[in-house]
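Undergrad: Here it is: the structure, laid out below.
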Amino acid sequence: NFDTVMVDEFHERRWDTDLLVSILRREEQHRLIVTSATLESQRLVDYIGGKRIYAEGRVYSVSVGYRAKDTRQLPDIRGLEQKVRTEVEHCLQETKGDILVFLPGRKEITQCQQALSSLDGVLVTPLHASVSDAQRELALKQQDQQKVVLATNVAETSLTILNISVVIDSGLERRTLQRNGRTVLSLKHISKASAKQRAGRAGRVQDGICVRLFGEHAPLDAVT
């Protein structure tokens with residue numbers, strides 16, 4: 001009953017949105033709009049026979065720093081909770097805003113939450129697909145005290161967490177892959193597109209800082 005269908009965050013390449021775009025292209029009964037902040041779009045433009053429109057939004061400045069001795073060092077899960085604690089302690093001295101830490105999964109979030117539990121006057125809260133409504137509320141809304149949000153990819157796009165001034169990026173994610181006819185959840189390095197999305201979380205409502213726990217020239221894939 002609608003004339004126009006808009007598919008957002010298409011760079012995530014989920015099976016359902018891929019299938020939806022394919023069906024809409026085949027049936028040609030709707031006006032189709034496909035959007036993303038980081039999409040490599042020319043192949044998609046050719047596929048759907050569309051036009052590319054670029055919108056220049058308001059973007060706050062985000063300075064990026066790297067915490068690896070080797071500029072080509074890939075993201076590494078070893079000693080991750082200690083790296084996160086060291087960086088959080090440093091950032092708490094540099095900013096009065098809140099801190100968003102990207103981690104690959106619930107296990108690492110729990111480990112880092114324990115490592116940060118002794119920090120005084122700081123609220124440390126998880127954000128992943130299984131948190132309670134109360135925990136989600138704590139993570140997303142500005143609180144009376146400084147806050148550290150430990151999040152998976154759920155915070156990478158779409159969500160705006162108020163008052164985030166620093167992003168700490170582990171460079172890791174858990175991603176579903178097809179292997180020998182089975183679907184497996186594997187620990188992987190993020191893509192350059194994901195790194196850009198994560199850094200942007202610090203520039204939604206104010207100037208910010210992104211600290212990457214890997215090398216500046218780490219050989220990450222362009223997209224996943």
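Residues in the structure tokens are numbered from 1 in each chain, the chains being A, B, ... in the order shown, and ligands are numbered from 1 in the order shown.
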Hey, what's within 9 Å of region 175-179 of chain A if we count only C-alpha atoms and toss same-chain stuff fewer than 6 positions away? As a list in words, please?

TA: Pro104, Leu185, Ser186, Leu187 and Lys188 of chain A

Undergrad: Those same residues - C-alpha atoms - I'd like them written as a PDB file, in the first residue's frame.

TA:
ATOM      1  CA  PRO A 104      33.356  -7.757  20.299  1.00  0.00           C
ATOM      2  CA  LEU A 185      29.942 -16.806  15.019  1.00  0.00           C
ATOM      3  CA  SER A 186      33.614 -15.840  14.715  1.00  0.00           C
ATOM      4  CA  LEU A 187      35.884 -13.207  16.228  1.00  0.00           C
ATOM      5  CA  LYS A 188      37.043 -10.944  13.382  1.00  0.00           C
TER       6      LYS A 188
END

Undergrad: Could you please write out, as a PyMOL selection string, every residue of region 4-162 of chain A that DSSP assigns to alpha helix (DSSP H)?

TA: chain A and resi 15-27+42-48+80-94+106-115+133-140

Undergrad: One decimal, in Å: what's the spacing between CA of Val21 (chain A) and CA of Val5 (chain A)?

TA: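 We find that CA of Val21 (chain A) and CA of Val5 (chain A) lie 9.4 Å from each other.
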
Undergrad: Looking at A:Ser165, A:Thr125, A:Ser191, A:Ser36, which one is nearest to Val149 (chain A), with distances taken over only C-alpha atoms?

TA: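 Result for the nearest residue to Val149 (chain A): A:Thr125.
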
Undergrad: Using only C-alpha atoms, determine which residues lie at most 12 Å from region 131-137 of chain A, disregarding the query and same-chain residues fewer than 5 positions distant; provide the list as a list of chain:residue names.

TA: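 Residues meeting the cut-off are A:Arg106, A:Ile109, A:Thr110, A:Leu123, A:Val124, A:Thr125, A:Pro126, A:Gln142, A:Gln143, A:Val149, A:Leu150, A:Ala151, A:Thr152, A:Val154, A:Ala155, A:Leu159, A:Ile161, A:Leu162.
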
Undergrad: Only N, CA, C and O atoms, please: the residues just picked out, written as a tab-separated table (two decimals), in the first residue's frame.

TA:
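After the write, result.tsv holds the following:
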chain	number	residue	atom	x	y	z
A	106	ARG	N	29.56	-10.05	24.55
A	106	ARG	CA	29.15	-10.00	25.96
A	106	ARG	C	30.27	-10.45	26.90
A	106	ARG	O	30.42	-9.90	27.99
A	109	ILE	N	32.67	-7.66	27.32
A	109	ILE	CA	32.02	-6.58	28.07
A	109	ILE	C	32.02	-6.90	29.56
A	109	ILE	O	32.34	-6.04	30.39
A	110	THR	N	31.70	-8.14	29.92
A	110	THR	CA	31.70	-8.55	31.33
A	110	THR	C	33.10	-8.44	31.92
A	110	THR	O	33.27	-7.95	33.05
A	123	LEU	N	29.99	5.65	36.35
A	123	LEU	CA	29.00	4.61	36.06
A	123	LEU	C	29.48	3.80	34.85
A	123	LEU	O	29.72	4.35	33.79
A	124	VAL	N	29.65	2.49	35.04
A	124	VAL	CA	30.06	1.60	33.96
A	124	VAL	C	28.85	0.73	33.59
A	124	VAL	O	28.33	0.00	34.44
A	125	THR	N	28.40	0.82	32.34
A	125	THR	CA	27.16	0.15	31.96
A	125	THR	C	27.32	-0.59	30.63
A	125	THR	O	27.96	-0.08	29.71
A	126	PRO	N	26.75	-1.79	30.51
A	126	PRO	CA	26.85	-2.55	29.26
A	126	PRO	C	25.76	-2.15	28.27
A	126	PRO	O	24.71	-1.65	28.65
A	142	GLN	N	21.64	10.53	29.21
A	142	GLN	CA	22.66	11.22	29.99
A	142	GLN	C	22.36	11.09	31.48
A	142	GLN	O	21.23	11.24	31.92
A	143	GLN	N	23.40	10.80	32.26
A	143	GLN	CA	23.25	10.58	33.69
A	143	GLN	C	23.89	11.72	34.49
A	143	GLN	O	24.59	12.57	33.94
A	149	VAL	N	30.27	3.47	28.65
A	149	VAL	CA	29.36	2.50	28.03
A	149	VAL	C	30.21	1.46	27.30
A	149	VAL	O	31.01	1.80	26.43
A	150	LEU	N	30.03	0.19	27.67
A	150	LEU	CA	30.74	-0.92	27.04
A	150	LEU	C	29.77	-1.58	26.06
A	150	LEU	O	28.79	-2.19	26.48
A	151	ALA	N	30.05	-1.46	24.77
A	151	ALA	CA	29.04	-1.82	23.78
A	151	ALA	C	29.58	-2.73	22.69
A	151	ALA	O	30.76	-2.73	22.37
A	152	THR	N	28.67	-3.50	22.11
A	152	THR	CA	28.95	-4.25	20.89
A	152	THR	C	28.57	-3.39	19.70
A	152	THR	O	28.35	-2.18	19.83
A	154	VAL	N	25.89	-2.97	18.37
A	154	VAL	CA	24.56	-2.35	18.43
A	154	VAL	C	24.66	-0.83	18.51
A	154	VAL	O	23.73	-0.12	18.14
A	155	ALA	N	25.80	-0.32	18.99
A	155	ALA	CA	25.98	1.13	19.12
A	155	ALA	C	26.72	1.74	17.92
A	155	ALA	O	27.00	2.92	17.91
A	159	LEU	N	21.95	4.39	16.64
A	159	LEU	CA	21.79	4.94	17.99
A	159	LEU	C	22.64	6.20	18.19
A	159	LEU	O	23.77	6.27	17.72
A	161	ILE	N	24.02	8.07	21.46
A	161	ILE	CA	24.15	8.07	22.92
A	161	ILE	C	24.60	9.47	23.32
A	161	ILE	O	25.67	9.93	22.91
A	162	LEU	N	23.78	10.15	24.08
A	162	LEU	CA	24.04	11.54	24.42
A	162	LEU	C	25.31	11.69	25.24
A	162	LEU	O	25.64	10.83	26.06

Undergrad: When DSSP is applied to the backbone of this structure, which of region 35-108 of chain A are assigned strand (DSSP E)? Write them out as a VMD selection string.

TA: chain A and resid 62 to 66 98 to 102

Undergrad: Could you check how far CA of Lys192 (chain A) sits from CA of Leu32 (chain A), in Å to one decimal?

TA: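 Going from CA of Lys192 (chain A) over to CA of Leu32 (chain A), I get 27.0 Å.
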
Undergrad: Find the residues around Gln42 (chain A) up to 8 Å (only C-alpha atoms counted), leave out those fewer than 3 positions away in its own chain, and share them as a ChimeraX atom specification.

TA: /A:45-46,52

Undergrad: Quick one: everything within 10 Å of Leu119 (chain A), counting only C-alpha atoms, minus sequence neighbours fewer than 5 positions away in the same chain. Send it as a PyMOL selection string.

TA: chain A and resi 85+88-89+124

Undergrad: Those residues you just picked out, can you put them in a file as a PDB file, in the first residue's frame with N, CA and C atoms?

TA:
ATOM      1  N   ARG A  85      41.111  -0.662  30.380  1.00  0.00           N
ATOM      2  CA  ARG A  85      41.193   0.045  31.667  1.00  0.00           C
ATOM      3  C   ARG A  85      42.217   1.169  31.608  1.00  0.00           C
ATOM      4  N   VAL A  88      40.762   3.994  29.487  1.00  0.00           N
ATOM      5  CA  VAL A  88      39.644   4.663  30.162  1.00  0.00           C
ATOM      6  C   VAL A  88      40.163   5.581  31.265  1.00  0.00           C
ATOM      7  N   GLU A  89      41.103   5.101  32.064  1.00  0.00           N
ATOM      8  CA  GLU A  89      41.666   5.922  33.142  1.00  0.00           C
ATOM      9  C   GLU A  89      42.304   7.187  32.574  1.00  0.00           C
ATOM     10  N   VAL A 124      29.651   2.494  35.042  1.00  0.00           N
ATOM     11  CA  VAL A 124      30.057   1.597  33.956  1.00  0.00           C
ATOM     12  C   VAL A 124      28.853   0.730  33.593  1.00  0.00           C
TER      13      VAL A 124
END

Undergrad: Rank nothing, just name the residue among A:Ile48, A:Val7, A:Leu138, A:Val64 nearest to Glu27 (chain A), using only C-alpha atoms.

TA: A:Ile48

Undergrad: Would you kindly return, as a list in words, each protein, DNA or RNA residue with an atom no farther than 6 Å from any atom of Ile164 (chain A), considering only C-alpha atoms and excluding same-chain residues fewer than 6 positions away?

TA: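 Counting only C-alpha atoms, the residues come to Gly97, Asp98, Ile99 and Ala202 of chain A.
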
Undergrad: Write the selection just made, keeping C-alpha atoms, as a PDB file, in the first residue's frame?

TA:
ATOM      1  CA  GLY A  97      32.049  13.774  28.762  1.00  0.00           C
ATOM      2  CA  ASP A  98      31.091  10.111  28.597  1.00  0.00           C
ATOM      3  CA  ILE A  99      33.147   7.316  27.054  1.00  0.00           C
ATOM      4  CA  ALA A 202      32.008  10.632  19.195  1.00  0.00           C
TER       5      ALA A 202
END

Undergrad: I'd like the contact shell of Gly215 (chain A) - 12 Å cut-off, only C-alpha atoms, skipping same-chain residues fewer than 2 positions apart - returned as a PDB file with N, CA, C and O atoms, in the first residue's frame.

TA:
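Contents of result-v8.pdb, freshly written:
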ATOM      1  N   VAL A  64      41.508  11.421  15.786  1.00  0.00           N
ATOM      2  CA  VAL A  64      41.742   9.980  15.899  1.00  0.00           C
ATOM      3  C   VAL A  64      43.175   9.728  16.349  1.00  0.00           C
ATOM      4  O   VAL A  64      44.124  10.302  15.802  1.00  0.00           O
ATOM      5  N   GLY A  65      43.335   8.874  17.374  1.00  0.00           N
ATOM      6  CA  GLY A  65      44.643   8.465  17.856  1.00  0.00           C
ATOM      7  C   GLY A  65      44.764   6.957  17.850  1.00  0.00           C
ATOM      8  O   GLY A  65      43.757   6.235  17.867  1.00  0.00           O
ATOM      9  N   TYR A  66      45.989   6.455  17.793  1.00  0.00           N
ATOM     10  CA  TYR A  66      46.239   5.014  17.728  1.00  0.00           C
ATOM     11  C   TYR A  66      47.141   4.595  18.891  1.00  0.00           C
ATOM     12  O   TYR A  66      48.039   5.331  19.268  1.00  0.00           O
ATOM     13  N   ARG A  67      46.905   3.394  19.424  1.00  0.00           N
ATOM     14  CA  ARG A  67      47.651   2.916  20.582  1.00  0.00           C
ATOM     15  C   ARG A  67      48.388   1.619  20.250  1.00  0.00           C
ATOM     16  O   ARG A  67      48.250   0.621  20.936  1.00  0.00           O
ATOM     17  N   ALA A  68      49.162   1.630  19.184  1.00  0.00           N
ATOM     18  CA  ALA A  68      49.949   0.457  18.807  1.00  0.00           C
ATOM     19  C   ALA A  68      51.343   0.918  18.430  1.00  0.00           C
ATOM     20  O   ALA A  68      51.511   1.922  17.742  1.00  0.00           O
ATOM     21  N   LYS A  69      52.370   0.181  18.880  1.00  0.00           N
ATOM     22  CA  LYS A  69      53.747   0.540  18.571  1.00  0.00           C
ATOM     23  C   LYS A  69      54.044   0.325  17.087  1.00  0.00           C
ATOM     24  O   LYS A  69      54.786   1.079  16.474  1.00  0.00           O
ATOM     25  N   ASP A  70      53.456  -0.725  16.514  1.00  0.00           N
ATOM     26  CA  ASP A  70      53.624  -1.021  15.099  1.00  0.00           C
ATOM     27  C   ASP A  70      52.436  -0.436  14.337  1.00  0.00           C
ATOM     28  O   ASP A  70      51.288  -0.756  14.644  1.00  0.00           O
ATOM     29  N   THR A  71      52.682   0.418  13.356  1.00  0.00           N
ATOM     30  CA  THR A  71      51.585   1.086  12.645  1.00  0.00           C
ATOM     31  C   THR A  71      50.720   0.107  11.850  1.00  0.00           C
ATOM     32  O   THR A  71      49.608   0.445  11.467  1.00  0.00           O
ATOM     33  N   ARG A  72      51.227  -1.108  11.597  1.00  0.00           N
ATOM     34  CA  ARG A  72      50.450  -2.104  10.853  1.00  0.00           C
ATOM     35  C   ARG A  72      49.851  -3.184  11.769  1.00  0.00           C
ATOM     36  O   ARG A  72      49.342  -4.190  11.298  1.00  0.00           O
ATOM     37  N   GLN A  73      49.907  -2.946  13.077  1.00  0.00           N
ATOM     38  CA  GLN A  73      49.397  -3.942  14.022  1.00  0.00           C
ATOM     39  C   GLN A  73      47.885  -4.085  13.909  1.00  0.00           C
ATOM     40  O   GLN A  73      47.143  -3.106  13.995  1.00  0.00           O
ATOM     41  N   LEU A  74      47.427  -5.306  13.739  1.00  0.00           N
ATOM     42  CA  LEU A  74      45.993  -5.585  13.660  1.00  0.00           C
ATOM     43  C   LEU A  74      45.371  -5.600  15.056  1.00  0.00           C
ATOM     44  O   LEU A  74      46.077  -5.764  16.058  1.00  0.00           O
ATOM     45  N   PRO A  75      44.064  -5.431  15.148  1.00  0.00           N
ATOM     46  CA  PRO A  75      43.387  -5.544  16.444  1.00  0.00           C
ATOM     47  C   PRO A  75      43.678  -6.888  17.100  1.00  0.00           C
ATOM     48  O   PRO A  75      43.725  -7.925  16.428  1.00  0.00           O
ATOM     49  N   ASP A  76      43.865  -6.881  18.420  1.00  0.00           N
ATOM     50  CA  ASP A  76      44.290  -8.079  19.153  1.00  0.00           C
ATOM     51  C   ASP A  76      43.486  -8.179  20.445  1.00  0.00           C
ATOM     52  O   ASP A  76      43.397  -7.219  21.213  1.00  0.00           O
ATOM     53  N   ASP A 169      38.048   2.145  20.531  1.00  0.00           N
ATOM     54  CA  ASP A 169      37.689   1.106  19.575  1.00  0.00           C
ATOM     55  C   ASP A 169      38.688  -0.047  19.646  1.00  0.00           C
ATOM     56  O   ASP A 169      39.864   0.120  19.325  1.00  0.00           O
ATOM     57  N   SER A 170      38.199  -1.231  20.034  1.00  0.00           N
ATOM     58  CA  SER A 170      39.051  -2.426  20.082  1.00  0.00           C
ATOM     59  C   SER A 170      39.394  -2.927  18.691  1.00  0.00           C
ATOM     60  O   SER A 170      40.356  -3.683  18.516  1.00  0.00           O
ATOM     61  N   GLY A 171      38.594  -2.528  17.695  1.00  0.00           N
ATOM     62  CA  GLY A 171      38.817  -3.005  16.334  1.00  0.00           C
ATOM     63  C   GLY A 171      38.355  -4.431  16.097  1.00  0.00           C
ATOM     64  O   GLY A 171      38.690  -5.041  15.079  1.00  0.00           O
ATOM     65  N   VAL A 211      39.954   6.762  20.005  1.00  0.00           N
ATOM     66  CA  VAL A 211      41.215   6.083  20.275  1.00  0.00           C
ATOM     67  C   VAL A 211      41.093   4.651  19.762  1.00  0.00           C
ATOM     68  O   VAL A 211      40.224   3.900  20.196  1.00  0.00           O
ATOM     69  N   ARG A 212      41.950   4.292  18.822  1.00  0.00           N
ATOM     70  CA  ARG A 212      41.919   2.951  18.237  1.00  0.00           C
ATOM     71  C   ARG A 212      43.054   2.119  18.814  1.00  0.00           C
ATOM     72  O   ARG A 212      44.216   2.550  18.773  1.00  0.00           O
ATOM     73  N   LEU A 213      42.727   0.934  19.318  1.00  0.00           N
ATOM     74  CA  LEU A 213      43.711   0.071  19.969  1.00  0.00           C
ATOM     75  C   LEU A 213      44.421  -0.818  18.954  1.00  0.00           C
ATOM     76  O   LEU A 213      44.697  -1.989  19.214  1.00  0.00           O
ATOM     77  N   HIS A 217      47.949   1.914  10.138  1.00  0.00           N
ATOM     78  CA  HIS A 217      47.978   1.312   8.797  1.00  0.00           C
ATOM     79  C   HIS A 217      47.699  -0.184   8.855  1.00  0.00           C
ATOM     80  O   HIS A 217      48.167  -0.923   7.985  1.00  0.00           O
ATOM     81  N   ALA A 218      46.928  -0.625   9.851  1.00  0.00           N
ATOM     82  CA  ALA A 218      46.549  -2.035   9.944  1.00  0.00           C
ATOM     83  C   ALA A 218      45.794  -2.429   8.682  1.00  0.00           C
ATOM     84  O   ALA A 218      44.905  -1.696   8.223  1.00  0.00           O
ATOM     85  N   PRO A 219      46.104  -3.583   8.080  1.00  0.00           N
ATOM     86  CA  PRO A 219      45.483  -3.979   6.810  1.00  0.00           C
ATOM     87  C   PRO A 219      44.060  -4.512   6.995  1.00  0.00           C
ATOM     88  O   PRO A 219      43.784  -5.705   6.809  1.00  0.00           O
ATOM     89  N   LEU A 220      43.137  -3.621   7.334  1.00  0.00           N
ATOM     90  CA  LEU A 220      41.736  -3.997   7.480  1.00  0.00           C
ATOM     91  C   LEU A 220      41.063  -4.047   6.117  1.00  0.00           C
ATOM     92  O   LEU A 220      41.443  -3.320   5.193  1.00  0.00           O
TER      93      LEU A 220
END

Undergrad: Select, from A:Val167, A:Leu44, A:Ala37, A:Leu172, the residue with the minimum atom-to-atom distance to Arg25 (chain A), counting only C-alpha atoms.

TA: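 Of A:Val167, A:Leu44, A:Ala37, A:Leu172, the one nearest Arg25 (chain A) is A:Leu44, counting only C-alpha atoms.
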
Undergrad: Can you work out the spacing between CA of Arg198 (chain A) and CA of Lys51 (chain A) in Å, to one decimal?

TA: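 The value is 27.3 Å.
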